[in-house]
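Okay, start.txt is below, compact mmCIF, C-alpha atoms and all ligand atoms:
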# COMPACT_ATOMS: atom_id res chain seq x y z
CA MET Q 1 -6.89 -1.83 -12.99
CA SER Q 2 -10.59 -2.04 -13.23
CA THR Q 3 -13.42 -3.05 -15.44
CA VAL Q 4 -13.81 0.61 -16.36
CA SER Q 5 -12.77 1.39 -19.90
CA ASN Q 6 -10.00 3.88 -20.39
CA GLU Q 7 -10.50 7.38 -21.71
CA HIS Q 8 -8.81 9.14 -24.52
CA ALA Q 9 -6.17 11.72 -23.69
CA ALA Q 10 -5.50 14.07 -26.58
CA GLY Q 11 -2.22 13.68 -28.37
CA VAL Q 12 -0.93 10.54 -26.65
CA ALA Q 13 -1.73 6.87 -26.76
CA SER Q 14 -4.39 5.92 -24.20
CA PRO Q 15 -3.95 2.27 -23.27
CA ALA Q 16 -5.88 0.19 -20.73
CA PRO Q 17 -4.78 0.48 -17.08
CA PHE Q 18 -1.57 -1.36 -16.12
CA THR Q 19 -0.57 -2.12 -19.71
CA ALA Q 20 1.81 0.61 -20.94
CA LEU Q 21 2.51 1.47 -17.30
CA ALA Q 22 4.06 -1.97 -16.81
CA ARG Q 23 7.26 -1.02 -18.61
CA VAL Q 24 7.90 2.01 -16.36
CA TYR Q 25 6.23 0.76 -13.16
CA ASP Q 26 9.40 -0.37 -11.38
CA ARG Q 27 11.14 2.92 -12.12
CA ILE Q 28 8.18 4.88 -10.70
CA MET Q 29 7.98 2.64 -7.62
CA ALA Q 30 11.74 2.56 -6.97
CA ASP Q 31 11.41 4.34 -3.61
CA ILE Q 32 8.70 2.11 -2.17
CA GLU Q 33 9.98 0.06 0.74
CA TYR Q 34 8.42 -3.24 -0.17
CA ASP Q 35 10.48 -5.00 2.53
CA GLU Q 36 8.70 -3.01 5.20
CA TRP Q 37 5.27 -3.53 3.68
CA ALA Q 38 5.86 -7.27 3.43
CA GLN Q 39 7.23 -7.44 6.96
CA PHE Q 40 4.10 -5.76 8.30
CA VAL Q 41 1.98 -8.36 6.51
CA LEU Q 42 4.04 -11.22 7.97
CA ASP Q 43 4.08 -9.77 11.50
CA LYS Q 44 0.34 -9.20 11.46
CA ALA Q 45 -0.30 -12.66 10.04
CA THR Q 46 1.97 -14.26 12.65
CA GLU Q 47 0.12 -12.39 15.40
CA LEU Q 48 -3.12 -13.89 14.05
CA GLY Q 49 -1.75 -17.44 13.86
CA TYR Q 50 0.24 -17.79 10.62
CA ALA Q 51 2.93 -20.39 11.22
CA GLY Q 52 4.16 -21.08 7.69
CA GLY Q 53 2.44 -22.34 4.57
CA PRO Q 54 1.80 -21.09 1.05
CA LEU Q 55 1.22 -17.41 0.25
CA LEU Q 56 -0.61 -15.71 -2.59
CA ASP Q 57 0.09 -12.09 -3.58
CA LEU Q 58 -3.21 -10.78 -4.97
CA GLY Q 59 -2.58 -8.05 -7.55
CA CYS Q 60 1.13 -8.85 -7.50
CA GLY Q 61 1.88 -6.55 -10.45
CA THR Q 62 5.56 -6.74 -11.34
CA GLY Q 63 6.30 -8.94 -8.32
CA ASN Q 64 7.88 -6.38 -5.99
CA GLY Q 65 5.86 -7.59 -3.00
CA ILE Q 66 6.86 -11.18 -3.72
CA ILE Q 67 10.62 -10.64 -3.52
CA PRO Q 68 10.75 -10.04 0.28
CA MET Q 69 8.70 -13.20 0.86
CA LEU Q 70 11.11 -15.23 -1.29
CA GLU Q 71 14.02 -13.74 0.63
CA GLN Q 72 12.48 -15.17 3.80
CA GLY Q 73 12.24 -18.59 2.17
CA LEU Q 74 8.44 -18.54 1.96
CA PRO Q 75 6.53 -20.35 -0.78
CA VAL Q 76 4.72 -17.57 -2.64
CA GLU Q 77 2.71 -17.23 -5.85
CA GLY Q 78 1.25 -14.19 -7.57
CA LEU Q 79 -2.04 -13.33 -9.27
CA ASP Q 80 -2.80 -10.39 -11.50
CA ALA Q 81 -5.17 -9.48 -14.34
CA SER Q 82 -2.54 -7.59 -16.34
CA GLU Q 83 -0.46 -9.73 -18.69
CA ALA Q 84 1.90 -6.79 -19.14
CA MET Q 85 2.59 -6.51 -15.40
CA LEU Q 86 2.93 -10.30 -15.14
CA ALA Q 87 5.42 -10.36 -18.04
CA VAL Q 88 7.72 -8.07 -16.04
CA ALA Q 89 7.20 -10.19 -12.91
CA ARG Q 90 7.93 -13.44 -14.76
CA ALA Q 91 11.13 -12.02 -16.27
CA LYS Q 92 12.34 -10.96 -12.79
CA LEU Q 93 11.20 -14.08 -10.94
CA PRO Q 94 11.26 -17.02 -13.36
CA ARG Q 95 10.82 -19.67 -10.63
CA VAL Q 96 7.65 -18.16 -9.18
CA GLU Q 97 4.22 -19.38 -10.27
CA PHE Q 98 2.04 -16.53 -11.54
CA HIS Q 99 -1.66 -16.73 -12.30
CA HIS Q 100 -3.30 -14.52 -14.89
CA ALA Q 101 -6.74 -13.96 -13.37
CA ASN Q 102 -9.24 -11.39 -12.19
CA PHE Q 103 -9.92 -10.80 -8.47
CA GLU Q 104 -13.62 -11.25 -9.09
CA GLU Q 105 -13.54 -14.69 -10.65
CA PHE Q 106 -10.39 -16.64 -9.89
CA ASP Q 107 -10.31 -20.34 -9.09
CA LEU Q 108 -6.79 -21.68 -8.68
CA GLY Q 109 -7.83 -25.10 -7.34
CA LYS Q 110 -5.73 -24.86 -4.19
CA ARG Q 111 -5.59 -23.29 -0.75
CA TYR Q 112 -3.16 -20.87 0.85
CA ALA Q 113 -2.30 -20.09 4.46
CA LEU Q 114 -2.05 -16.36 3.74
CA VAL Q 115 -3.39 -14.22 0.90
CA TYR Q 116 -2.05 -10.66 0.88
CA SER Q 117 -2.39 -7.63 -1.34
CA LEU Q 118 -0.25 -4.51 -1.49
CA PHE Q 119 -0.30 -0.94 -2.70
CA ASP Q 120 -3.89 0.00 -3.51
CA SER Q 121 -4.61 -3.07 -5.58
CA LEU Q 122 -8.01 -3.62 -3.98
CA ASN Q 123 -9.02 0.04 -4.43
CA ASN Q 124 -9.38 -0.97 -8.09
CA LEU Q 125 -12.58 -2.78 -7.11
CA LEU Q 126 -15.12 -0.07 -7.77
CA ASP Q 127 -18.29 -1.34 -6.10
CA ASP Q 128 -19.49 -3.59 -3.29
CA ALA Q 129 -20.41 -6.41 -5.65
CA SER Q 130 -16.88 -6.69 -7.06
CA PHE Q 131 -15.22 -6.31 -3.66
CA GLY Q 132 -17.59 -8.95 -2.26
CA ALA Q 133 -16.84 -11.36 -5.12
CA MET Q 134 -13.11 -10.89 -4.55
CA ALA Q 135 -13.47 -11.49 -0.80
CA ARG Q 136 -15.50 -14.67 -1.33
CA ASN Q 137 -12.89 -15.96 -3.78
CA VAL Q 138 -10.08 -15.24 -1.33
CA ARG Q 139 -11.95 -17.07 1.41
CA ALA Q 140 -12.50 -20.07 -0.86
CA HIS Q 141 -8.70 -20.23 -1.33
CA LEU Q 142 -7.87 -20.19 2.38
CA GLY Q 143 -7.43 -23.23 4.56
CA PRO Q 144 -9.02 -23.35 8.02
CA GLY Q 145 -7.92 -20.28 10.01
CA GLY Q 146 -6.31 -18.88 6.85
CA LEU Q 147 -5.52 -15.17 6.71
CA PHE Q 148 -6.09 -12.27 4.38
CA VAL Q 149 -3.98 -9.13 4.94
CA PHE Q 150 -4.02 -6.06 2.68
CA ASP Q 151 -3.74 -2.30 2.52
CA VAL Q 152 -6.41 -0.05 1.08
CA ASN Q 153 -6.80 3.71 0.63
CA THR Q 154 -9.58 5.32 2.64
CA THR Q 155 -11.84 8.00 1.18
CA ALA Q 156 -9.86 10.56 3.23
CA GLY Q 157 -6.65 9.27 1.62
CA LEU Q 158 -8.05 9.57 -1.89
CA GLU Q 159 -9.49 13.03 -1.14
CA LEU Q 160 -6.04 14.20 -0.12
CA LEU Q 161 -4.63 12.96 -3.42
CA TRP Q 162 -7.15 14.76 -5.60
CA GLU Q 163 -6.90 17.91 -3.52
CA GLY Q 164 -3.17 17.76 -4.18
CA GLY Q 165 -3.99 17.98 -7.89
CA VAL Q 166 -0.96 17.24 -10.00
CA ALA Q 167 2.16 15.27 -9.12
CA SER Q 168 4.98 15.52 -11.62
CA GLY Q 169 8.69 14.88 -11.90
CA TRP Q 170 11.24 12.38 -13.06
CA ALA Q 171 11.57 8.77 -12.04
CA ASP Q 172 14.90 7.75 -13.49
CA ASP Q 173 14.46 8.53 -17.22
CA VAL Q 174 10.65 8.62 -17.07
CA TYR Q 175 8.90 11.98 -16.94
CA TYR Q 176 5.55 11.62 -15.19
CA ARG Q 177 2.65 13.97 -14.69
CA TRP Q 178 -0.24 12.45 -12.76
CA GLU Q 179 -3.41 14.44 -12.46
CA HIS Q 180 -5.76 13.51 -9.62
CA SER Q 181 -9.42 14.43 -9.57
CA PHE Q 182 -12.77 13.20 -8.34
CA ASP Q 183 -15.42 11.84 -10.64
CA GLU Q 184 -18.54 13.25 -8.95
CA GLU Q 185 -20.95 11.27 -11.04
CA ARG Q 186 -19.41 7.91 -10.20
CA GLN Q 187 -18.04 8.93 -6.78
CA LEU Q 188 -14.61 7.60 -7.70
CA ALA Q 189 -11.11 9.01 -7.52
CA LYS Q 190 -9.55 9.36 -10.95
CA VAL Q 191 -5.88 9.47 -11.92
CA GLU Q 192 -4.76 10.48 -15.39
CA ALA Q 193 -1.24 9.11 -15.41
CA PHE Q 194 0.86 10.64 -18.19
CA CYS Q 195 4.33 9.16 -18.71
CA ASP Q 196 6.93 10.14 -21.28
CA THR Q 197 9.81 7.80 -21.95
CA ALA Q 198 12.33 7.16 -24.70
CA GLU Q 199 9.93 4.46 -25.94
CA GLY Q 200 7.07 6.97 -26.30
CA ALA Q 201 4.39 8.75 -24.26
CA PHE Q 202 1.09 7.45 -22.96
CA THR Q 203 -1.67 8.35 -20.55
CA GLU Q 204 -3.43 5.65 -18.57
CA VAL Q 205 -6.64 6.55 -16.75
CA HIS Q 206 -7.16 4.72 -13.46
CA TYR Q 207 -10.07 4.83 -11.04
CA GLU Q 208 -10.00 3.98 -7.34
CA ARG Q 209 -12.74 3.64 -4.79
CA GLY Q 210 -12.01 4.47 -1.14
CA TYR Q 211 -12.75 1.91 1.58
CA ASP Q 212 -13.33 3.08 5.15
CA PRO Q 213 -13.09 0.87 8.25
CA GLU Q 214 -16.75 0.04 8.87
CA HIS Q 215 -17.38 -0.50 5.19
CA VAL Q 216 -14.49 -2.90 4.65
CA ILE Q 217 -15.27 -4.79 7.88
CA ARG Q 218 -18.87 -5.24 6.76
CA LEU Q 219 -17.89 -6.47 3.30
CA LEU Q 220 -15.43 -9.01 4.72
CA ARG Q 221 -17.92 -10.28 7.31
CA GLU Q 222 -20.55 -10.66 4.58
CA ALA Q 223 -18.01 -12.76 2.66
CA GLY Q 224 -17.72 -15.07 5.68
CA PHE Q 225 -14.56 -13.85 7.46
CA GLU Q 226 -14.95 -14.33 11.19
CA HIS Q 227 -12.35 -12.00 12.61
CA VAL Q 228 -11.58 -8.67 10.92
CA GLU Q 229 -9.35 -5.93 12.25
CA VAL Q 230 -8.18 -2.62 10.84
CA SER Q 231 -5.26 -0.39 11.74
CA ALA Q 232 -3.47 2.55 10.18
CA HIS Q 233 -0.73 2.20 7.59
CA PRO Q 234 2.26 2.12 7.91
CA ASP Q 235 2.76 1.04 11.52
CA GLY Q 236 -0.55 -0.42 12.62
CA ALA Q 237 -1.53 2.57 14.78
CA THR Q 238 -5.12 3.19 15.83
CA VAL Q 239 -7.32 4.40 12.99
CA THR Q 240 -8.55 8.01 13.12
CA PRO Q 241 -10.86 9.92 10.74
CA GLU Q 242 -7.69 11.30 9.09
CA THR Q 243 -6.18 7.87 8.37
CA GLU Q 244 -5.26 7.80 4.68
CA ARG Q 245 -4.52 4.13 4.25
CA LEU Q 246 -5.67 1.12 6.24
CA TRP Q 247 -4.10 -2.19 7.01
CA VAL Q 248 -6.84 -4.80 7.08
CA ALA Q 249 -6.35 -8.30 8.49
CA ALA Q 250 -9.05 -10.98 8.36
CA ARG Q 251 -9.20 -14.59 9.50
CA SER Q 252 -11.37 -17.12 7.75
C1 LIG M 1 -1.00 -0.45 -8.00
S1 LIG M 1 -0.65 -2.01 -8.70
C2 LIG M 1 0.11 -2.82 -7.32
C3 LIG M 1 1.02 -3.92 -7.74
C4 LIG M 1 1.82 -4.58 -6.63
N1 LIG M 1 0.94 -5.14 -5.62
C5 LIG M 1 2.75 -3.59 -5.99
O1 LIG M 1 2.65 -3.38 -4.79
O2 LIG M 1 3.62 -3.06 -6.69
C6 LIG M 1 -2.25 -2.77 -8.75
C7 LIG M 1 -2.22 -4.13 -9.46
O3 LIG M 1 -3.52 -4.72 -9.31
C8 LIG M 1 -3.86 -5.35 -10.52
N2 LIG M 1 -5.34 -5.41 -10.58
C9 LIG M 1 -6.20 -4.37 -10.52
N3 LIG M 1 -7.47 -4.79 -10.60
C10 LIG M 1 -7.40 -6.13 -10.72
C11 LIG M 1 -8.39 -7.15 -10.83
N4 LIG M 1 -9.69 -6.86 -10.85
N5 LIG M 1 -7.98 -8.43 -10.89
C12 LIG M 1 -6.65 -8.75 -10.87
N6 LIG M 1 -5.67 -7.82 -10.78
C13 LIG M 1 -6.04 -6.53 -10.71
C14 LIG M 1 -3.27 -4.48 -11.61
O4 LIG M 1 -3.11 -5.17 -12.83
C15 LIG M 1 -1.95 -4.07 -10.95
O5 LIG M 1 -0.90 -4.93 -11.30
Turn this file's structure into structure tokens for me.
Amino acid sequence: MSTVSNEHAAGVASPAPFTALARVYDRIMADIEYDEWAQFVLDKATELGYAGGPLLDLGCGTGNGIIPMLEQGLPVEGLDASEAMLAVARAKLPRVEFHHANFEEFDLGKRYALVYSLFDSLNNLLDDASFGAMARNVRAHLGPGGLFVFDVNTTAGLELLWEGGVASGWADDVYYRWEHSFDEERQLAKVEAFCDTAEGAFTEVHYERGYDPEHVIRLLREAGFEHVEVSAHPDGATVTPETERLWVAARS
């Protein structure tokens, strides 16, 4: 999801990011081990002082990263800019409070002990100004010592995707063909995500911007976070130049 408008793909409907995709998202993500992702977030947060208190899943999508938190009895809410993704989340998790809002300008009028974000959501922020606005908003929603933990693709990770070109196959009854490339002019990774289902075919065009360790640390410090640490996804290993995805943990 981004502020970038979508592009037309010949022959198929070309909706905005995370709209048509919402109805097939859970089938495409069926193999993702959200339990493990969520556990990493909780372990890292605990290491940095989290001892209970309300959680916010930023870019919660269809709510898959909320379920493991609920299973641990934690009070968790979700925020997302896509009504279509939220509609799926609300149907799955009717007792959870969801906020329809944009990372760059949300004001929920309350504070959380831990804000977390999973699976590339923050790569949808395509420049420093929007990432900075998001980080300042997160900080404004954290209590003293509150924590922000998220994953983000590095530029090396996105390069690997576009060098890989096309990924295609079946996810349950959804045929997908996702074409990765690099938009030289805008210096952004681009995914043209074609899906064909019984309900019809569509192509959504998504852009992502890579965030490398020094860059993300600088942006979070500029937003007022005092302690920022990065490690490699999935297990928190030391970051190397080849690291494709970071875990980032910041304390307010
Ligand atoms: C790749 S999905 C990840 C969803 C979920 N976290 C997961 O792990 O399945 C990215 C989500 O971020 C949301 N998103 C992207 N940009 C956003 C923005 N600027 N403000 C709020 N939500 C945004 C999209 O609507 C989408 O649901």
How far is it from atom CA of Ser121 of chain Q to atom CA of Asp212 of chain Q, in Å with one decimal?
15.1 Å
What's the separation between atom CA of Met69 of chain Q and atom CA of Val216 of chain Q, in Å to one decimal place?
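Distance reported for this atom pair: 25.7 Å.
Atom pair atom CA of Leu126 of chain Q / atom CA of Trp170 of chain Q: separated by 29.6 Å.
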Near-segment 231-245 of chain Q list (10 Å; all atoms listed in the file; drop same-chain fewer than 3 positions) as a CSV table (one decimal) with C-alpha atoms, in the frame of the given file:
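Contents of the output file result_12.csv:
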chain,number,residue,atom,x,y,z
Q,36,GLU,CA,8.7,-3.0,5.2
Q,37,TRP,CA,5.3,-3.5,3.7
Q,40,PHE,CA,4.1,-5.8,8.3
Q,44,LYS,CA,0.3,-9.2,11.5
Q,119,PHE,CA,-0.3,-0.9,-2.7
Q,120,ASP,CA,-3.9,0.0,-3.5
Q,151,ASP,CA,-3.7,-2.3,2.5
Q,152,VAL,CA,-6.4,0.0,1.1
Q,153,ASN,CA,-6.8,3.7,0.6
Q,154,THR,CA,-9.6,5.3,2.6
Q,155,THR,CA,-11.8,8.0,1.2
Q,156,ALA,CA,-9.9,10.6,3.2
Q,157,GLY,CA,-6.6,9.3,1.6
Q,158,LEU,CA,-8.0,9.6,-1.9
Q,159,GLU,CA,-9.5,13.0,-1.1
Q,160,LEU,CA,-6.0,14.2,-0.1
Q,161,LEU,CA,-4.6,13.0,-3.4
Q,210,GLY,CA,-12.0,4.5,-1.1
Q,211,TYR,CA,-12.8,1.9,1.6
Q,212,ASP,CA,-13.3,3.1,5.2
Q,213,PRO,CA,-13.1,0.9,8.2
Q,248,VAL,CA,-6.8,-4.8,7.1
Q,249,ALA,CA,-6.4,-8.3,8.5
Would you mind listing the residues within 7 Å of ligand LIG 1 (chain M), counting only C-alpha atoms and all ligand atoms, as a count of residues only?
28
Using all atoms listed in the file, which protein or nucleic acid residues come within 12 Å of segment 138-141 of chain Q? Drop anything in the same chain fewer than 2 positions from it, and give the result as a PDB file with C-alpha atoms, keeping the file's coordinate frame.
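selection29.pdb written:
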ATOM      1  CA  PRO Q  54       1.800 -21.090   1.050  1.00  0.00           C
ATOM      2  CA  LEU Q  55       1.220 -17.410   0.250  1.00  0.00           C
ATOM      3  CA  LEU Q  56      -0.610 -15.710  -2.590  1.00  0.00           C
ATOM      4  CA  ASP Q  57       0.090 -12.090  -3.580  1.00  0.00           C
ATOM      5  CA  LEU Q  58      -3.210 -10.780  -4.970  1.00  0.00           C
ATOM      6  CA  LEU Q  79      -2.040 -13.330  -9.270  1.00  0.00           C
ATOM      7  CA  ASN Q 102      -9.240 -11.390 -12.190  1.00  0.00           C
ATOM      8  CA  PHE Q 103      -9.920 -10.800  -8.470  1.00  0.00           C
ATOM      9  CA  GLU Q 104     -13.620 -11.250  -9.090  1.00  0.00           C
ATOM     10  CA  GLU Q 105     -13.540 -14.690 -10.650  1.00  0.00           C
ATOM     11  CA  PHE Q 106     -10.390 -16.640  -9.890  1.00  0.00           C
ATOM     12  CA  ASP Q 107     -10.310 -20.340  -9.090  1.00  0.00           C
ATOM     13  CA  LEU Q 108      -6.790 -21.680  -8.680  1.00  0.00           C
ATOM     14  CA  GLY Q 109      -7.830 -25.100  -7.340  1.00  0.00           C
ATOM     15  CA  LYS Q 110      -5.730 -24.860  -4.190  1.00  0.00           C
ATOM     16  CA  ARG Q 111      -5.590 -23.290  -0.750  1.00  0.00           C
ATOM     17  CA  TYR Q 112      -3.160 -20.870   0.850  1.00  0.00           C
ATOM     18  CA  ALA Q 113      -2.300 -20.090   4.460  1.00  0.00           C
ATOM     19  CA  LEU Q 114      -2.050 -16.360   3.740  1.00  0.00           C
ATOM     20  CA  VAL Q 115      -3.390 -14.220   0.900  1.00  0.00           C
ATOM     21  CA  TYR Q 116      -2.050 -10.660   0.880  1.00  0.00           C
ATOM     22  CA  SER Q 117      -2.390  -7.630  -1.340  1.00  0.00           C
ATOM     23  CA  PHE Q 131     -15.220  -6.310  -3.660  1.00  0.00           C
ATOM     24  CA  GLY Q 132     -17.590  -8.950  -2.260  1.00  0.00           C
ATOM     25  CA  ALA Q 133     -16.840 -11.360  -5.120  1.00  0.00           C
ATOM     26  CA  MET Q 134     -13.110 -10.890  -4.550  1.00  0.00           C
ATOM     27  CA  ALA Q 135     -13.470 -11.490  -0.800  1.00  0.00           C
ATOM     28  CA  ARG Q 136     -15.500 -14.670  -1.330  1.00  0.00           C
ATOM     29  CA  GLY Q 143      -7.430 -23.230   4.560  1.00  0.00           C
ATOM     30  CA  PRO Q 144      -9.020 -23.350   8.020  1.00  0.00           C
ATOM     31  CA  GLY Q 145      -7.920 -20.280  10.010  1.00  0.00           C
ATOM     32  CA  GLY Q 146      -6.310 -18.880   6.850  1.00  0.00           C
ATOM     33  CA  LEU Q 147      -5.520 -15.170   6.710  1.00  0.00           C
ATOM     34  CA  PHE Q 148      -6.090 -12.270   4.380  1.00  0.00           C
ATOM     35  CA  VAL Q 149      -3.980  -9.130   4.940  1.00  0.00           C
ATOM     36  CA  PHE Q 150      -4.020  -6.060   2.680  1.00  0.00           C
ATOM     37  CA  LEU Q 220     -15.430  -9.010   4.720  1.00  0.00           C
ATOM     38  CA  ARG Q 221     -17.920 -10.280   7.310  1.00  0.00           C
ATOM     39  CA  GLU Q 222     -20.550 -10.660   4.580  1.00  0.00           C
ATOM     40  CA  ALA Q 223     -18.010 -12.760   2.660  1.00  0.00           C
ATOM     41  CA  GLY Q 224     -17.720 -15.070   5.680  1.00  0.00           C
ATOM     42  CA  PHE Q 225     -14.560 -13.850   7.460  1.00  0.00           C
ATOM     43  CA  GLU Q 226     -14.950 -14.330  11.190  1.00  0.00           C
ATOM     44  CA  ALA Q 250      -9.050 -10.980   8.360  1.00  0.00           C
ATOM     45  CA  ARG Q 251      -9.200 -14.590   9.500  1.00  0.00           C
ATOM     46  CA  SER Q 252     -11.370 -17.120   7.750  1.00  0.00           C
TER      47      SER Q 252
END
I'd like the contact shell of Phe194 of chain Q - 6 Å cut-off, all atoms listed in the file, skipping same-chain residues fewer than 3 positions apart - returned as JSON, numbers by chain.
{"Q": [176, 177, 178, 202, 203]}
Considering all atoms listed in the file, return as a PDB file with C-alpha atoms, in the frame of the given file whatever protein or nucleic-acid residues lie within 9 Å of Pro68 of chain Q, sequence-local ones (same chain, fewer than 5 positions apart) excluded.
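New file selection-v7.pdb:
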ATOM      1  CA  TYR Q  34       8.420  -3.240  -0.170  1.00  0.00           C
ATOM      2  CA  ASP Q  35      10.480  -5.000   2.530  1.00  0.00           C
ATOM      3  CA  GLU Q  36       8.700  -3.010   5.200  1.00  0.00           C
ATOM      4  CA  ALA Q  38       5.860  -7.270   3.430  1.00  0.00           C
ATOM      5  CA  GLN Q  39       7.230  -7.440   6.960  1.00  0.00           C
ATOM      6  CA  GLY Q  73      12.240 -18.590   2.170  1.00  0.00           C
ATOM      7  CA  LEU Q  74       8.440 -18.540   1.960  1.00  0.00           C
TER       8      LEU Q  74
END
May I have the residues within 12 Å of Ala20 of chain Q as a list in words, using all atoms listed in the file and disregarding those fewer than 5 positions away in the same chain?
Val12, Ala13, Ser14, Pro15, Tyr25, Ser82, Glu83, Ala84, Met85, Ala87, Val88, Ala193, Phe194, Cys195, Asp196, Thr197, Glu199, Gly200, Ala201, Phe202, Thr203, Glu204 and Val205 of chain Q
Restore N, CA and C atoms in segment 148-161 of chain Q and list the result as a PDB file, keeping the file's coordinate frame.
ATOM      1  N   PHE Q 148      -6.063 -13.201   5.500  1.00  0.00           N
ATOM      2  CA  PHE Q 148      -6.090 -12.270   4.380  1.00  0.00           C
ATOM      3  C   PHE Q 148      -5.646 -10.913   4.933  1.00  0.00           C
ATOM      4  N   VAL Q 149      -4.521 -10.405   4.441  1.00  0.00           N
ATOM      5  CA  VAL Q 149      -3.980  -9.130   4.940  1.00  0.00           C
ATOM      6  C   VAL Q 149      -3.721  -8.219   3.743  1.00  0.00           C
ATOM      7  N   PHE Q 150      -4.205  -6.988   3.817  1.00  0.00           N
ATOM      8  CA  PHE Q 150      -4.020  -6.060   2.680  1.00  0.00           C
ATOM      9  C   PHE Q 150      -4.074  -4.612   3.137  1.00  0.00           C
ATOM     10  N   ASP Q 151      -3.581  -3.731   2.276  1.00  0.00           N
ATOM     11  CA  ASP Q 151      -3.740  -2.300   2.520  1.00  0.00           C
ATOM     12  C   ASP Q 151      -4.809  -1.774   1.555  1.00  0.00           C
ATOM     13  N   VAL Q 152      -5.406  -0.667   1.954  1.00  0.00           N
ATOM     14  CA  VAL Q 152      -6.410  -0.050   1.080  1.00  0.00           C
ATOM     15  C   VAL Q 152      -6.503   1.441   1.418  1.00  0.00           C
ATOM     16  N   ASN Q 153      -6.621   2.271   0.391  1.00  0.00           N
ATOM     17  CA  ASN Q 153      -6.800   3.710   0.630  1.00  0.00           C
ATOM     18  C   ASN Q 153      -8.194   3.984   1.182  1.00  0.00           C
ATOM     19  N   THR Q 154      -8.268   4.877   2.148  1.00  0.00           N
ATOM     20  CA  THR Q 154      -9.580   5.320   2.640  1.00  0.00           C
ATOM     21  C   THR Q 154     -10.099   6.448   1.741  1.00  0.00           C
ATOM     22  N   THR Q 155     -11.340   6.852   1.961  1.00  0.00           N
ATOM     23  CA  THR Q 155     -11.840   8.000   1.180  1.00  0.00           C
ATOM     24  C   THR Q 155     -11.054   9.258   1.560  1.00  0.00           C
ATOM     25  N   ALA Q 156     -10.662   9.387   2.833  1.00  0.00           N
ATOM     26  CA  ALA Q 156      -9.860  10.560   3.230  1.00  0.00           C
ATOM     27  C   ALA Q 156      -8.518  10.553   2.487  1.00  0.00           C
ATOM     28  N   GLY Q 157      -7.925   9.384   2.322  1.00  0.00           N
ATOM     29  CA  GLY Q 157      -6.650   9.270   1.620  1.00  0.00           C
ATOM     30  C   GLY Q 157      -6.786   9.664   0.159  1.00  0.00           C
ATOM     31  N   LEU Q 158      -7.853   9.230  -0.478  1.00  0.00           N
ATOM     32  CA  LEU Q 158      -8.050   9.570  -1.890  1.00  0.00           C
ATOM     33  C   LEU Q 158      -8.391  11.053  -2.050  1.00  0.00           C
ATOM     34  N   GLU Q 159      -9.164  11.595  -1.096  1.00  0.00           N
ATOM     35  CA  GLU Q 159      -9.490  13.030  -1.140  1.00  0.00           C
ATOM     36  C   GLU Q 159      -8.219  13.866  -1.111  1.00  0.00           C
ATOM     37  N   LEU Q 160      -7.293  13.458  -0.248  1.00  0.00           N
ATOM     38  CA  LEU Q 160      -6.040  14.200  -0.120  1.00  0.00           C
ATOM     39  C   LEU Q 160      -5.272  14.195  -1.443  1.00  0.00           C
ATOM     40  N   LEU Q 161      -5.316  13.055  -2.125  1.00  0.00           N
ATOM     41  CA  LEU Q 161      -4.630  12.960  -3.420  1.00  0.00           C
ATOM     42  C   LEU Q 161      -5.236  13.910  -4.431  1.00  0.00           C
TER      43      LEU Q 161
END
